[in-house]
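Structure, as structure tokens:
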Amino acid sequence: MASIHDVAREANVSVTTVSRVMNNRGYISEATRKKVFAVMDQLNYRPNEVARSLFRKKSNVIGVIIPDVSFSFFAEYVRYVEEEAYANGYKVMICNALDDGQKEREYIRMLRSSQVDGIILGSHTMDIHEFENLQLPVVTLDRTVPGVTCVTSDNDAGGRIATQALLDRGCQHIAHIRGPIELETPANRRSDAFAEVAGASGVKHTILETSNNEFVFNAYLKLVEKMFQEHPSIDGVFASNDLLALAVLRVAKMIGKHVPEQLQIIGFDGVHEATVSTPQMATISQDIPLMAKESVQQLLSIISEESTEAIKIVLPVQFIHGETILPK
């Protein structure tokens, strides 16, 4: 295996020059830089990234911890996070916590030992006081923690738009399916907004809660089947994510409820599956690429110490009409 000394000898430069080229430190002519990189490729030399990060006190790697990479929203979000990070000279380590608190803590320990420069935290199992011990730049996704920058969407506006859309189209018994209430996240505003708008309208309304924070389609199907068994008069559903909305659509077909004539459905997220469903899902679309970009840019700003004050970034949502609701 080639060493840095082999590269220096073959390129006819000093070891210090090779080190400067690898770490982009000090003045190096473009000709010398190209020659060193050409020799590195020729000898298949790969520097030890951990050693380099210790030398530079910077790894140019960020960690991303999410609940479930198989869930479409997080899959799309991570895709754009990686794209934005790479464009800024960073690599990404993705950790799939599956809403397991112990697993999340182990990932954080791993990321710290790997000398990552910062973490984007999209999971929600850690207690707030645990953030004080991270000793790393952190940005949260849909999680409000004192002293930590958060990126989220306008969940309140999204909840109000979806609920009012069902009411404006004549629904008489509307339902909202949400995640676990114990998860204190900005996404809870979707449910709060539904309750406020539906309550003010006087229309019969029902709120159901998923049993855990797992994004499992079959579990959603069972919940929706039970909902229609207990509340057969429901004619409008606002689901807190598109996967839930697609489960409602599936069950509606199974029990013979015609969409949108007998049942109107609105999801939340605007993921790819919602845009290609048949009929196309009406949804409150989050700007996932922008959420990812803001997450990365805020984290890099903290890493570079350009930003020292925690802020909350609330991004706008967009109503996608789709085909699962009636024309207004």
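To be explicit about the labels: the chains of the structure tokens are called A, B, and onward in the order shown, and within each one the residues are counted from 1, while ligands get numbers from 1 in the order they are shown.
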ask   = In segment 11-176 of chain A, what's strand (DSSP E or B) per DSSP? Answer as a PyMOL selection string?
value = chain A and resi 61-66+91-96+118-121+138-141+149-153+173-176
inquiry  = From a backbone DSSP assignment, name each residue in segment 71-256 of chain A labelled helix (DSSP H, G or I), as number ranges by chain.
reply    = A: 72-87, 101-113, 128-133, 155-168, 188-201, 217-230, 242-255
task = Please identify all polymer residues within 10 Å of Tyr80 of chain A, counting only C-alpha atoms, omitting same-chain residues fewer than 5 positions from it, and present them as a PyMOL selection string.
result = chain A and resi 74-75+85-86+288-293+296
key: Selected residue, from A:Arg160, A:Arg169, A:Arg109, A:His231, that lies nearest to Leu136 of chain A when counting only C-alpha atoms   = A:Arg109
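Using only C-alpha atoms, the nearest neighbour of Pro316 of chain A within the list A:Val36, A:Leu134, A:Val224, A:Ala157 is A:Ala157.
Counting from atom CA of Val251 of chain A, the distance to atom CA of Met227 of chain A is 10.2 Å.
If only C-alpha atoms are the atoms counted, then among A:Leu121, A:Val203, A:Leu141, A:Val116 the closest residue to Ile303 of chain A is A:Val116.
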ask   = Which one of A:Ala245, A:Val139, A:Ala274, A:Ala38 sits closest to Val18 of chain A if you count only C-alpha atoms?
value = A:Ala38
Spatial neighbours of Ile207 of chain A, max dist 10 Å, only C-alpha atoms, sep filter under 6 positions, as a VMD selection string = chain A and resid 174 to 178 191 194 to 195 227 237 to 239
Store the residues picked out above in a file with C-alpha atoms, as a PDB file, in the first residue's frame.
ATOM      1  CA  ILE A 174     -64.188  15.219   8.898  1.00  0.00           C
ATOM      2  CA  ALA A 175     -61.345  13.302  10.500  1.00  0.00           C
ATOM      3  CA  HIS A 176     -57.700  14.022  11.155  1.00  0.00           C
ATOM      4  CA  ILE A 177     -55.143  11.240  11.634  1.00  0.00           C
ATOM      5  CA  ARG A 178     -52.030  12.396  13.464  1.00  0.00           C
ATOM      6  CA  SER A 191     -53.528  18.784  14.450  1.00  0.00           C
ATOM      7  CA  PHE A 194     -57.487  21.120  12.421  1.00  0.00           C
ATOM      8  CA  ALA A 195     -59.159  21.169  15.857  1.00  0.00           C
ATOM      9  CA  MET A 227     -61.712   4.313  11.896  1.00  0.00           C
ATOM     10  CA  VAL A 237     -59.930  13.010   5.967  1.00  0.00           C
ATOM     11  CA  PHE A 238     -56.894  15.190   6.574  1.00  0.00           C
ATOM     12  CA  ALA A 239     -53.913  12.874   7.153  1.00  0.00           C
TER      13      ALA A 239
END
query = Contacts of Asp41 of chain A at 12 Å or less, counting only C-alpha atoms, minus same-chain residues fewer than 6 places along, as an MDAnalysis selection string?
reply = chainID A and resid 2 7 10:11 34:35 47
Keeping C-alpha atoms for every residue in the selection just given, could you write it to a file as a PDB file, in the first residue's frame?
ATOM      1  CA  ALA A   2       1.405   3.384  -1.027  1.00  0.00           C
ATOM      2  CA  VAL A   7       3.814  10.018  -3.296  1.00  0.00           C
ATOM      3  CA  GLU A  10       7.404   9.875  -7.121  1.00  0.00           C
ATOM      4  CA  ALA A  11       6.254  13.489  -7.524  1.00  0.00           C
ATOM      5  CA  LYS A  34      -1.970  18.645 -10.425  1.00  0.00           C
ATOM      6  CA  LYS A  35       1.263  16.637 -10.360  1.00  0.00           C
ATOM      7  CA  PRO A  47      -5.074   9.372   2.801  1.00  0.00           C
TER       8      PRO A  47
END
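Proximity to Thr163 of chain A at 7 Å, evaluated using only C-alpha atoms and with sequence-adjacent residues fewer than 2 positions away removed, yields Gly159, Arg160, Ile161, Ala165, Leu166, Leu167, Phe194, Val197, Ala198 and Phe238 of chain A.
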